[in-house]
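J.: Pasting upload-v2.cif below, which is mmCIF, C-alpha atoms.
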data_data
loop_
_atom_site.label_atom_id
_atom_site.label_comp_id
_atom_site.auth_asym_id
_atom_site.auth_seq_id
_atom_site.Cartn_x
_atom_site.Cartn_y
_atom_site.Cartn_z
CA MET S 685 0.00 0.00 0.00
CA SER S 686 1.47 3.31 -1.08
CA ASP S 687 2.33 5.93 1.49
CA ARG S 688 2.16 8.60 -1.16
CA PRO S 689 -0.86 10.86 -1.75
CA PHE S 690 -3.31 9.69 -4.43
CA THR S 691 -6.51 10.84 -6.08
CA PHE S 692 -9.44 9.22 -7.82
CA ASP S 693 -12.69 10.48 -9.28
CA ILE S 694 -16.27 9.59 -8.52
CA PRO S 695 -17.96 10.28 -11.88
CA LEU S 696 -21.62 11.31 -11.62
CA PRO S 697 -23.95 9.69 -12.49
CA GLY S 698 -22.69 6.14 -12.12
CA VAL S 699 -20.58 6.84 -9.01
CA ILE S 700 -18.21 3.89 -9.53
CA PRO S 701 -14.88 5.30 -8.38
CA THR S 702 -12.06 5.29 -10.93
CA ARG S 703 -9.84 3.58 -8.37
CA TYR S 704 -10.71 1.05 -5.69
CA ASP S 705 -9.14 -1.96 -4.00
CA HIS S 706 -12.15 -4.03 -3.05
CA HIS S 707 -15.65 -4.39 -4.50
CA ILE S 708 -18.23 -5.94 -2.19
CA THR S 709 -21.60 -7.05 -3.57
CA ARG S 710 -24.31 -8.01 -1.12
CA ARG S 711 -27.03 -10.27 -2.49
CA LEU S 712 -30.46 -11.18 -1.19
CA SER S 713 -29.24 -14.64 -0.11
CA GLU S 714 -26.81 -12.99 2.34
CA MET S 715 -29.63 -11.05 4.02
CA VAL S 716 -31.65 -13.92 5.53
CA GLY S 717 -33.44 -12.68 8.64
CA TYR S 718 -32.95 -8.99 7.99
CA TYR S 719 -36.35 -8.20 6.45
CA ALA S 720 -39.61 -8.23 8.40
CA ASP S 721 -41.70 -9.95 5.73
CA GLU S 722 -40.20 -13.45 5.53
CA GLN S 723 -42.70 -14.68 2.95
CA ALA S 724 -41.94 -11.78 0.61
CA PHE S 725 -38.21 -12.43 1.17
CA ALA S 726 -38.54 -16.12 0.24
CA ALA S 727 -40.61 -15.29 -2.84
CA ALA S 728 -38.09 -12.66 -4.02
CA LEU S 729 -35.17 -15.03 -3.47
CA ALA S 730 -36.94 -17.84 -5.37
CA GLU S 731 -37.22 -15.49 -8.33
CA LYS S 732 -33.71 -14.00 -8.34
CA ASP S 733 -30.74 -13.65 -5.98
CA GLU S 734 -30.60 -9.94 -6.61
CA THR S 735 -27.72 -7.64 -5.65
CA LEU S 736 -29.10 -5.26 -3.02
CA TYR S 737 -26.04 -3.11 -2.45
CA GLU S 738 -22.40 -2.67 -3.36
CA VAL S 739 -19.41 -1.10 -1.68
CA TYR S 740 -16.23 0.13 -3.40
CA GLU S 741 -13.50 0.31 -0.78
CA ILE S 742 -10.15 2.04 -0.85
CA ARG S 743 -7.77 -0.01 1.31
CA ARG S 744 -5.58 1.68 3.89
CA PRO S 745 -3.68 0.26 6.86
CA GLU S 746 -6.21 -0.60 9.55
CA ARG S 747 -4.81 1.63 12.25
CA ALA S 748 -5.83 4.84 14.00
CA GLY S 749 -4.70 7.92 12.08
CA GLU S 750 -5.52 6.35 8.70
CA LEU S 751 -8.95 6.91 7.13
CA LEU S 752 -10.84 4.15 5.35
CA HIS S 753 -13.10 5.47 2.63
CA GLY S 754 -15.12 4.51 -0.41
CA VAL S 755 -18.49 4.57 -2.11
CA SER S 756 -21.62 2.72 -1.00
CA ILE S 757 -24.43 2.09 -3.48
CA VAL S 758 -27.83 0.76 -2.34
CA HIS S 759 -30.01 -0.22 -5.29
CA PRO S 760 -33.73 0.63 -5.45
CA GLY S 761 -36.26 -2.04 -4.53
CA LYS S 762 -38.36 -3.49 -1.71
CA ILE S 763 -38.93 -6.77 0.10
CA GLY S 764 -42.63 -6.60 0.83
CA ASN S 765 -43.04 -2.95 1.76
CA GLU S 766 -39.55 -2.62 3.26
CA TYR S 767 -36.95 -0.78 1.24
CA PHE S 768 -33.60 -2.24 0.19
CA MET S 769 -31.02 -1.50 2.88
CA THR S 770 -27.56 -2.42 4.09
CA LYS S 771 -27.04 -4.96 6.87
CA GLY S 772 -25.89 -2.21 9.20
CA HIS S 773 -23.22 -2.52 11.84
CA PHE S 774 -21.52 -1.09 14.88
CA HIS S 775 -17.83 -0.35 14.66
CA ALA S 776 -15.80 -2.99 16.50
CA VAL S 777 -13.99 -0.10 18.19
CA LEU S 778 -17.21 1.48 19.42
CA GLU S 779 -15.70 4.90 20.08
CA THR S 780 -15.17 5.70 16.38
CA ALA S 781 -17.29 7.96 14.18
CA GLU S 782 -18.15 7.95 10.46
CA VAL S 783 -18.88 10.74 7.98
CA TYR S 784 -21.15 10.27 4.96
CA TYR S 785 -21.54 12.60 2.00
CA CYS S 786 -24.55 11.76 -0.16
CA LEU S 787 -23.69 11.77 -3.87
CA GLN S 788 -26.94 10.62 -5.42
CA GLY S 789 -30.46 9.36 -4.70
CA GLU S 790 -32.62 9.62 -1.63
CA GLY S 791 -32.92 7.60 1.50
CA TYR S 792 -32.32 7.39 5.20
CA MET S 793 -29.65 6.41 7.67
CA VAL S 794 -31.04 4.41 10.59
CA MET S 795 -28.76 4.70 13.63
CA GLU S 796 -28.84 3.22 17.10
CA THR S 797 -26.76 3.12 20.27
CA PRO S 798 -26.08 -0.08 22.25
CA GLU S 799 -28.56 1.31 24.82
CA GLY S 800 -31.32 1.34 22.18
CA GLU S 801 -31.57 5.05 21.40
CA CYS S 802 -32.56 5.29 17.72
CA VAL S 803 -32.32 8.20 15.24
CA VAL S 804 -33.28 8.19 11.56
CA GLN S 805 -31.87 10.96 9.34
CA PRO S 806 -32.70 11.70 5.68
CA LEU S 807 -30.08 11.56 2.93
CA ARG S 808 -30.24 13.44 -0.34
CA PRO S 809 -27.55 14.76 -2.70
CA ASN S 810 -25.08 17.13 -0.97
CA THR S 811 -26.18 16.08 2.51
CA VAL S 812 -23.39 15.42 5.02
CA LEU S 813 -24.27 13.02 7.84
CA TYR S 814 -22.20 12.67 10.99
CA VAL S 815 -22.49 9.33 12.76
CA PRO S 816 -20.90 9.97 16.17
CA PRO S 817 -18.95 7.28 17.99
CA ARG S 818 -21.14 4.48 19.42
CA TRP S 819 -23.94 4.64 16.81
CA ALA S 820 -24.65 1.60 14.61
CA HIS S 821 -25.73 2.66 11.11
CA ARG S 822 -27.70 1.25 8.18
CA SER S 823 -28.53 3.05 4.95
CA VAL S 824 -31.91 2.62 3.27
CA ASN S 825 -32.80 3.55 -0.32
CA CYS S 826 -36.35 4.95 -0.49
CA SER S 827 -36.36 5.85 -4.18
CA ASP S 828 -38.24 3.65 -6.65
CA GLU S 829 -35.75 4.38 -9.41
CA SER S 830 -32.33 5.67 -8.38
CA ASP S 831 -29.40 4.19 -6.54
CA LEU S 832 -28.61 5.73 -3.16
CA ALA S 833 -24.90 6.54 -3.35
CA THR S 834 -22.78 7.85 -0.50
CA PHE S 835 -19.10 8.59 0.01
CA PHE S 836 -17.98 7.44 3.45
CA VAL S 837 -14.94 8.05 5.67
CA TYR S 838 -14.13 6.35 8.98
CA PRO S 839 -11.06 5.77 11.15
CA GLY S 840 -8.69 3.04 10.03
CA ASN S 841 -8.92 1.14 13.32
CA ALA S 842 -12.76 1.11 13.51
CA GLY S 843 -13.53 -2.41 12.28
CA HIS S 844 -17.04 -3.83 11.91
CA ASN S 845 -19.37 -5.59 14.29
CA TYR S 846 -22.40 -7.05 12.49
CA GLY S 847 -23.39 -9.45 15.22
CA SER S 848 -25.72 -7.51 17.47
CA VAL S 849 -27.58 -5.83 14.62
CA ALA S 850 -28.02 -9.20 12.89
CA GLU S 851 -29.45 -10.61 16.12
CA ARG S 852 -31.89 -7.94 17.12
CA GLY S 853 -32.16 -5.54 14.16
CA PHE S 854 -32.66 -1.82 14.52
CA ARG S 855 -35.50 -0.37 16.55
CA LYS S 856 -36.97 1.32 13.47
CA ARG S 857 -37.71 0.12 9.96
CA VAL S 858 -38.30 2.20 6.83
CA VAL S 859 -41.26 1.01 4.78
CA GLU S 860 -43.47 2.29 1.99
CA ARG S 861 -47.00 3.26 3.04
CA ASP S 862 -49.39 4.92 0.58
CA GLY S 863 -46.53 5.44 -1.86
CA ARG S 864 -44.31 7.28 0.66
CA PRO S 865 -41.53 6.24 3.01
CA GLN S 866 -42.60 5.86 6.60
CA ILE S 867 -40.51 5.13 9.68
CA ILE S 868 -42.15 2.51 11.88
CA ASP S 869 -41.28 0.55 14.99
CA ASN S 870 -39.68 -2.82 14.42
CA PRO S 871 -41.96 -5.31 16.18
CA ARG S 872 -39.11 -7.84 16.37
CA TRP S 873 -36.65 -5.49 18.08
CA ARG S 874 -35.43 -6.72 21.45
CA SER S 875 -33.67 -4.55 24.01
CA MET B 1264 -21.63 19.30 21.68
CA SER B 1265 -24.32 16.81 20.81
CA ASP B 1266 -23.55 13.11 20.83
CA ARG B 1267 -26.50 12.48 18.54
CA PRO B 1268 -26.22 12.03 14.77
CA PHE B 1269 -26.78 15.18 12.69
CA THR B 1270 -26.92 16.23 9.06
CA PHE B 1271 -26.33 19.40 7.10
CA ASP B 1272 -26.33 20.29 3.43
CA ILE B 1273 -23.65 21.77 1.22
CA PRO B 1274 -25.76 23.58 -1.41
CA LEU B 1275 -24.09 23.88 -4.83
CA PRO B 1276 -23.09 26.39 -6.08
CA GLY B 1277 -22.20 28.51 -3.09
CA VAL B 1278 -21.00 25.62 -0.92
CA ILE B 1279 -21.58 27.40 2.41
CA PRO B 1280 -22.78 24.57 4.65
CA THR B 1281 -26.22 25.00 6.22
CA ARG B 1282 -24.67 24.22 9.60
CA TYR B 1283 -21.26 25.08 10.97
CA ASP B 1284 -19.66 25.98 14.29
CA HIS B 1285 -16.72 28.11 13.23
CA HIS B 1286 -16.05 30.33 10.22
CA ILE B 1287 -12.39 31.19 9.59
CA THR B 1288 -11.48 33.90 7.09
CA ARG B 1289 -7.83 34.25 6.10
CA ARG B 1290 -6.84 37.65 4.74
CA LEU B 1291 -3.81 38.82 2.80
CA SER B 1292 -2.38 40.53 5.91
CA GLU B 1293 -2.17 37.14 7.65
CA MET B 1294 -0.07 35.67 4.82
CA VAL B 1295 3.08 37.79 5.12
CA GLY B 1296 6.07 35.78 3.87
CA TYR B 1297 4.06 33.08 2.12
CA TYR B 1298 4.23 34.40 -1.46
CA ALA B 1299 7.42 34.49 -3.52
CA ASP B 1300 6.86 37.95 -5.01
CA GLU B 1301 7.15 40.27 -2.01
CA GLN B 1302 6.69 43.44 -4.07
CA ALA B 1303 3.47 42.16 -5.62
CA PHE B 1304 2.31 41.12 -2.14
CA ALA B 1305 2.96 44.60 -0.69
CA ALA B 1306 1.22 46.27 -3.63
CA ALA B 1307 -1.83 44.01 -3.32
CA LEU B 1308 -2.04 44.59 0.44
CA ALA B 1309 -1.75 48.38 -0.02
CA GLU B 1310 -4.76 48.22 -2.29
CA LYS B 1311 -7.01 45.89 -0.24
CA ASP B 1312 -6.69 43.38 2.58
CA GLU B 1313 -8.51 40.78 0.57
CA THR B 1314 -9.92 37.50 1.90
CA LEU B 1315 -7.93 34.71 0.25
CA TYR B 1316 -9.70 31.71 1.74
CA GLU B 1317 -12.38 30.65 4.19
CA VAL B 1318 -13.03 27.52 6.22
CA TYR B 1319 -16.37 26.42 7.65
CA GLU B 1320 -15.68 23.97 10.47
CA ILE B 1321 -17.95 21.54 12.23
CA ARG B 1322 -16.73 21.21 15.80
CA ARG B 1323 -16.31 17.80 17.37
CA PRO B 1324 -14.38 16.69 20.45
CA GLU B 1325 -10.68 16.78 19.58
CA ARG B 1326 -9.95 13.15 20.27
CA ALA B 1327 -9.12 10.05 18.25
CA GLY B 1328 -12.25 8.29 16.99
CA GLU B 1329 -14.03 11.58 16.25
CA LEU B 1330 -13.78 13.11 12.77
CA LEU B 1331 -13.36 16.84 12.23
CA HIS B 1332 -14.88 18.01 8.98
CA GLY B 1333 -16.02 21.04 7.04
CA VAL B 1334 -15.72 23.03 3.84
CA SER B 1335 -12.67 24.93 2.61
CA ILE B 1336 -13.07 27.69 0.00
CA VAL B 1337 -10.04 29.24 -1.72
CA HIS B 1338 -11.00 32.29 -3.76
CA PRO B 1339 -9.57 32.95 -7.24
CA GLY B 1340 -6.70 35.39 -7.59
CA LYS B 1341 -2.92 35.72 -7.76
CA ILE B 1342 -0.08 37.52 -6.00
CA GLY B 1343 2.25 38.25 -8.87
CA ASN B 1344 1.99 35.03 -10.87
CA GLU B 1345 1.38 32.81 -7.82
CA TYR B 1346 -2.15 31.57 -7.26
CA PHE B 1347 -4.15 32.15 -4.09
CA MET B 1348 -3.51 29.29 -1.68
CA THR B 1349 -3.93 28.23 1.93
CA LYS B 1350 -1.11 28.55 4.44
CA GLY B 1351 -0.72 24.79 4.54
CA HIS B 1352 0.18 22.74 7.58
CA PHE B 1353 1.31 19.45 9.00
CA HIS B 1354 -0.93 17.75 11.53
CA ALA B 1355 0.41 18.18 15.05
CA VAL B 1356 -0.07 14.42 15.43
CA LEU B 1357 1.97 13.62 12.36
CA GLU B 1358 0.61 10.08 11.94
CA THR B 1359 -2.89 11.23 10.93
CA ALA B 1360 -4.37 11.35 7.41
CA GLU B 1361 -6.92 13.62 5.73
CA VAL B 1362 -9.50 13.01 3.01
CA TYR B 1363 -10.65 15.73 0.60
CA TYR B 1364 -13.62 15.61 -1.76
CA CYS B 1365 -13.58 18.41 -4.33
CA LEU B 1366 -16.98 20.08 -4.64
CA GLN B 1367 -16.26 22.89 -7.07
CA GLY B 1368 -13.52 24.67 -9.03
CA GLU B 1369 -10.07 23.57 -10.07
CA GLY B 1370 -6.72 23.58 -8.39
CA TYR B 1371 -3.98 21.57 -6.79
CA MET B 1372 -2.99 20.14 -3.46
CA VAL B 1373 0.71 20.61 -2.72
CA MET B 1374 1.93 18.01 -0.21
CA GLU B 1375 5.25 17.36 1.46
CA THR B 1376 6.81 15.07 4.04
CA PRO B 1377 9.12 16.27 6.82
CA GLU B 1378 11.95 14.69 4.80
CA GLY B 1379 11.19 16.97 1.84
CA GLU B 1380 9.45 14.57 -0.54
CA CYS B 1381 6.90 16.66 -2.47
CA VAL B 1382 3.80 15.62 -4.48
CA VAL B 1383 1.32 17.90 -6.26
CA GLN B 1384 -2.08 16.45 -7.19
CA PRO B 1385 -4.86 18.08 -9.24
CA LEU B 1386 -8.31 18.77 -7.81
CA ARG B 1387 -11.50 19.10 -9.82
CA PRO B 1388 -15.17 18.43 -9.01
CA ASN B 1389 -15.77 14.84 -7.80
CA THR B 1390 -12.08 14.18 -7.18
CA VAL B 1391 -11.22 12.43 -3.92
CA LEU B 1392 -7.73 13.11 -2.59
CA TYR B 1393 -6.09 11.02 0.12
CA VAL B 1394 -3.40 12.78 2.13
CA PRO B 1395 -1.64 9.93 4.01
CA PRO B 1396 -0.25 10.42 7.49
CA ARG B 1397 2.91 12.58 7.61
CA TRP B 1398 2.14 14.76 4.54
CA ALA B 1399 1.73 18.54 4.99
CA HIS B 1400 -0.91 19.92 2.61
CA ARG B 1401 -1.81 23.24 0.99
CA SER B 1402 -4.61 23.83 -1.51
CA VAL B 1403 -4.14 26.17 -4.46
CA ASN B 1404 -6.90 27.64 -6.65
CA CYS B 1405 -5.76 27.83 -10.28
CA SER B 1406 -9.02 29.09 -11.76
CA ASP B 1407 -9.34 32.74 -12.78
CA GLU B 1408 -13.03 32.82 -11.92
CA SER B 1409 -14.33 30.12 -9.57
CA ASP B 1410 -13.79 29.32 -5.94
CA LEU B 1411 -11.98 26.06 -5.21
CA ALA B 1412 -14.23 24.30 -2.70
CA THR B 1413 -13.42 21.05 -0.91
CA PHE B 1414 -15.07 18.97 1.79
CA PHE B 1415 -12.46 17.68 4.24
CA VAL B 1416 -12.39 15.00 6.96
CA TYR B 1417 -9.58 14.30 9.41
CA PRO B 1418 -9.13 12.57 12.78
CA GLY B 1419 -10.29 14.52 15.83
CA ASN B 1420 -6.89 14.33 17.53
CA ALA B 1421 -4.85 15.53 14.51
CA GLY B 1422 -4.28 19.18 15.43
CA HIS B 1423 -2.38 21.67 13.24
CA ASN B 1424 1.29 22.56 12.96
CA TYR B 1425 1.82 25.66 10.80
CA GLY B 1426 5.32 26.42 12.03
CA SER B 1427 7.63 24.49 9.74
CA VAL B 1428 5.68 25.31 6.58
CA ALA B 1429 5.63 29.01 7.54
CA GLU B 1430 9.40 28.89 8.01
CA ARG B 1431 10.52 27.07 4.90
CA GLY B 1432 7.46 26.86 2.63
CA PHE B 1433 6.75 23.92 0.34
CA ARG B 1434 9.30 22.67 -2.15
CA LYS B 1435 6.98 23.47 -5.07
CA ARG B 1436 4.91 26.54 -5.97
CA VAL B 1437 1.99 26.75 -8.39
CA VAL B 1438 2.20 29.77 -10.70
CA GLU B 1439 0.61 30.98 -13.91
CA ARG B 1440 2.88 30.85 -16.98
CA ASP B 1441 1.53 31.64 -20.46
CA GLY B 1442 -2.01 31.56 -19.10
CA ARG B 1443 -1.68 28.07 -17.60
CA PRO B 1444 -0.83 26.71 -14.17
CA GLN B 1445 2.71 25.43 -13.86
CA ILE B 1446 4.41 23.69 -10.95
CA ILE B 1447 7.86 25.13 -10.29
CA ASP B 1448 10.60 24.70 -7.70
CA ASN B 1449 10.46 27.11 -4.78
CA PRO B 1450 13.83 28.88 -4.82
CA ARG B 1451 13.45 29.80 -1.14
CA TRP B 1452 12.80 26.24 0.04
CA ARG B 1453 15.33 25.01 2.60
CA SER B 1454 15.78 21.38 3.57
#
Go through the file and emit its structure as structure tokens.
T.:
Amino acid sequence: MSDRPFTFDIPLPGVIPTRYDHHITRRLSEMVGYYADEQAFAAALAEKDETLYEVYEIRRPERAGELLHGVSIVHPGKIGNEYFMTKGHFHAVLETAEVYYCLQGEGYMVMETPEGECVVQPLRPNTVLYVPPRWAHRSVNCSDESDLATFFVYPGNAGHNYGSVAERGFRKRVVERDGRPQIIDNPRWRS
Amino acid sequence: MSDRPFTFDIPLPGVIPTRYDHHITRRLSEMVGYYADEQAFAAALAEKDETLYEVYEIRRPERAGELLHGVSIVHPGKIGNEYFMTKGHFHAVLETAEVYYCLQGEGYMVMETPEGECVVQPLRPNTVLYVPPRWAHRSVNCSDESDLATFFVYPGNAGHNYGSVAERGFRKRVVERDGRPQIIDNPRWRS
């Protein structure tokens, strides 16, 4: 890994960076248990193992002082009435923040502390979102047509902890009701 | 300072964030000794103590794990044939990086290690620039008309060290020659 400065572009629209080290694609089959409507999930999976979201990562040494960064793209779609979303995670080093800059699309970031405090913030182009240390975060695309694309930056030593979100979910879900996004309580959330 | 997530927008064009905690304006009179052409500097200052650049900062606790961020705006202009630029600095905690996302305009980032290695990278809209730990950095606006605006993110504990750059400058300068930006050696640079 070079210790020299470097640049890359994020061409709009499209938002695939001109340089990246790692391309993650997250398919429906990797999201078992994440969506509220299990029947709709099974039906969607039987039809096609669709790619729900993608992440283009720039690798840096995983230590404090470095900044990991890249582009996250959540595709449009729903499972039942629940919008496509990322798995969501805490940072393994809980006391680390993350900054998002929204490049394209519209959606929400669902965030939650280990104590169960939950905040949902809207994302649209040119919005900056600050996720303070200790807040788990999941992005949700609430457009019917466009990708939700964000540029993210977080400390090199942060790491990821998917476990507790996978087990209990977030306290809130973002669903479509009467053609509009609505934030509702997650009946399966456990404190 | 809130420990809850928050958002703000960076409306384009204009790029003044809808939320900020601190607005820094850097005028010509604060840049004594930074430009190569001292006569042109004195003449410009006699005419008007112009604002060369501005920074809109979002305050966060100054500790590792937090991310300081904001918008930097370098106005167009020259002192002699040298483009308007920021003072430039090392981080006080040398082993900390910085990420820039260019929002608007065109210019360069001049970067240098304590050992005197120097790299100059171009900035244009949608360019991401990674400044690794240990590299001092200065942004330069090489447009005749537009502001150079960048969104920046760096670790909360980084701090600023202006001293050594103020004393010896960067190894390279960005000047206009035949109507185009050119990167030249700084004759006053001392190793």
J.: Tell me, as a list of chain:residue names, which residues lie within 10 Å of Asp687 in chain S, counting only C-alpha atoms; anything in the same chain fewer than 4 positions away does not count.
T.: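 Here the qualifying residues turn out to be S:Arg744, S:Pro745, B:Tyr1393, B:Val1394, B:Pro1395, B:Pro1396, B:Arg1397, B:Trp1398.
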J.: Using all atoms listed in the file, which residue out of B:Arg1282, B:Pro1274, B:Ala1412, B:Val1383 lies closest to Tyr1316 in chain B?
T.: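 Closest to Tyr1316 in chain B, using all atoms listed in the file: B:Ala1412.
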J.: Measure the distance from CA of Tyr1283 in chain B to CA of Ile1321 in chain B in Å and round it to one decimal.
T.: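 CA of Tyr1283 in chain B sits 5.0 Å away from CA of Ile1321 in chain B.
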J.: Please return as a compact mmCIF listing (two decimals) with C-alpha atoms, in the frame of the given file every residue within 9 Å of (-6.3, 11.7, 14.9), taking into account all atoms listed in the file and the file's own coordinates.
T.:
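Listed below is the output, part-v4.txt:
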# COMPACT_ATOMS: atom_id res chain seq x y z
CA ALA S 748 -5.83 4.84 14.00
CA GLY S 749 -4.70 7.92 12.08
CA GLU S 750 -5.52 6.35 8.70
CA PRO S 839 -11.06 5.77 11.15
CA GLU B 1325 -10.68 16.78 19.58
CA ARG B 1326 -9.95 13.15 20.27
CA ALA B 1327 -9.12 10.05 18.25
CA GLY B 1328 -12.25 8.29 16.99
CA GLU B 1329 -14.03 11.58 16.25
CA LEU B 1330 -13.78 13.11 12.77
CA HIS B 1354 -0.93 17.75 11.53
CA VAL B 1356 -0.07 14.42 15.43
CA LEU B 1357 1.97 13.62 12.36
CA GLU B 1358 0.61 10.08 11.94
CA THR B 1359 -2.89 11.23 10.93
CA ALA B 1360 -4.37 11.35 7.41
CA TYR B 1417 -9.58 14.30 9.41
CA PRO B 1418 -9.13 12.57 12.78
CA GLY B 1419 -10.29 14.52 15.83
CA ASN B 1420 -6.89 14.33 17.53
CA ALA B 1421 -4.85 15.53 14.51
CA GLY B 1422 -4.28 19.18 15.43
J.: Evaluated on this file, the PyMOL selection byres ((chain B and resi 1432) around 9) picks out some residues - which ones are they, written as a VMD selection string?
T.: chain B and resid 1297 1350 to 1351 1427 to 1431 1433 to 1436 1449 1451 to 1453
J.: Go ahead and dump the residues you just picked, C-alpha atoms, as a PDB file, in the coordinates of the input.
T.:
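That gives us out_17.pdb:
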ATOM      1  CA  TYR B1297       4.060  33.080   2.120  1.00  0.00           C
ATOM      2  CA  LYS B1350      -1.110  28.550   4.440  1.00  0.00           C
ATOM      3  CA  GLY B1351      -0.720  24.790   4.540  1.00  0.00           C
ATOM      4  CA  SER B1427       7.630  24.490   9.740  1.00  0.00           C
ATOM      5  CA  VAL B1428       5.680  25.310   6.580  1.00  0.00           C
ATOM      6  CA  ALA B1429       5.630  29.010   7.540  1.00  0.00           C
ATOM      7  CA  GLU B1430       9.400  28.890   8.010  1.00  0.00           C
ATOM      8  CA  ARG B1431      10.520  27.070   4.900  1.00  0.00           C
ATOM      9  CA  PHE B1433       6.750  23.920   0.340  1.00  0.00           C
ATOM     10  CA  ARG B1434       9.300  22.670  -2.150  1.00  0.00           C
ATOM     11  CA  LYS B1435       6.980  23.470  -5.070  1.00  0.00           C
ATOM     12  CA  ARG B1436       4.910  26.540  -5.970  1.00  0.00           C
ATOM     13  CA  ASN B1449      10.460  27.110  -4.780  1.00  0.00           C
ATOM     14  CA  ARG B1451      13.450  29.800  -1.140  1.00  0.00           C
ATOM     15  CA  TRP B1452      12.800  26.240   0.040  1.00  0.00           C
ATOM     16  CA  ARG B1453      15.330  25.010   2.600  1.00  0.00           C
TER      17      ARG B1453
END
J.: Using only C-alpha atoms, which residues sit within 6 Å of Val837 in chain S once same-chain residues fewer than 4 positions away are excluded, as a list in words?
T.: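 The filter keeps Leu752, His753, Glu782 and Val783 of chain S.
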J.: Counting only C-alpha atoms, what is within 10 Å of range 861-866 of chain S, bar same-chain residues fewer than 4 positions away, as a PDB file with C-alpha atoms, in the coordinates of the input?
T.:
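Saved to selection_17.pdb:
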ATOM      1  CA  ASN S 765     -43.040  -2.950   1.760  1.00  0.00           C
ATOM      2  CA  GLU S 766     -39.550  -2.620   3.260  1.00  0.00           C
ATOM      3  CA  TYR S 767     -36.950  -0.780   1.240  1.00  0.00           C
ATOM      4  CA  GLY S 791     -32.920   7.600   1.500  1.00  0.00           C
ATOM      5  CA  TYR S 792     -32.320   7.390   5.200  1.00  0.00           C
ATOM      6  CA  ASN S 825     -32.800   3.550  -0.320  1.00  0.00           C
ATOM      7  CA  CYS S 826     -36.350   4.950  -0.490  1.00  0.00           C
ATOM      8  CA  SER S 827     -36.360   5.850  -4.180  1.00  0.00           C
ATOM      9  CA  ASP S 828     -38.240   3.650  -6.650  1.00  0.00           C
ATOM     10  CA  LYS S 856     -36.970   1.320  13.470  1.00  0.00           C
ATOM     11  CA  ARG S 857     -37.710   0.120   9.960  1.00  0.00           C
TER      12      ARG S 857
END
J.: Report, as lines of an AutoDock Vina configuration file, the axis-aligned box around all atoms of range 1271-1274 of chain B present in the file, extended by 4 Å on each side; give centre and edge lengths in Å to one decimal place.
T.:
center_x = -25.0
center_y = 21.5
center_z = 2.8
size_x = 10.7
size_y = 12.2
size_z = 16.5
J.: Which residue out of S:Ala820, S:Tyr846, S:Val812, S:Ile694 has the minimum interatomic distance to Val1334 in chain B when all atoms listed in the file are used?
T.: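 Distance minimum relative to Val1334 in chain B lands on S:Val812.
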J.: Give me the residues within 7 Å of Val739 in chain S as a PyMOL selection string, counting all atoms listed in the file and dropping any in the same chain fewer than 3 places off.
T.: chain S and resi 707-709+755-757
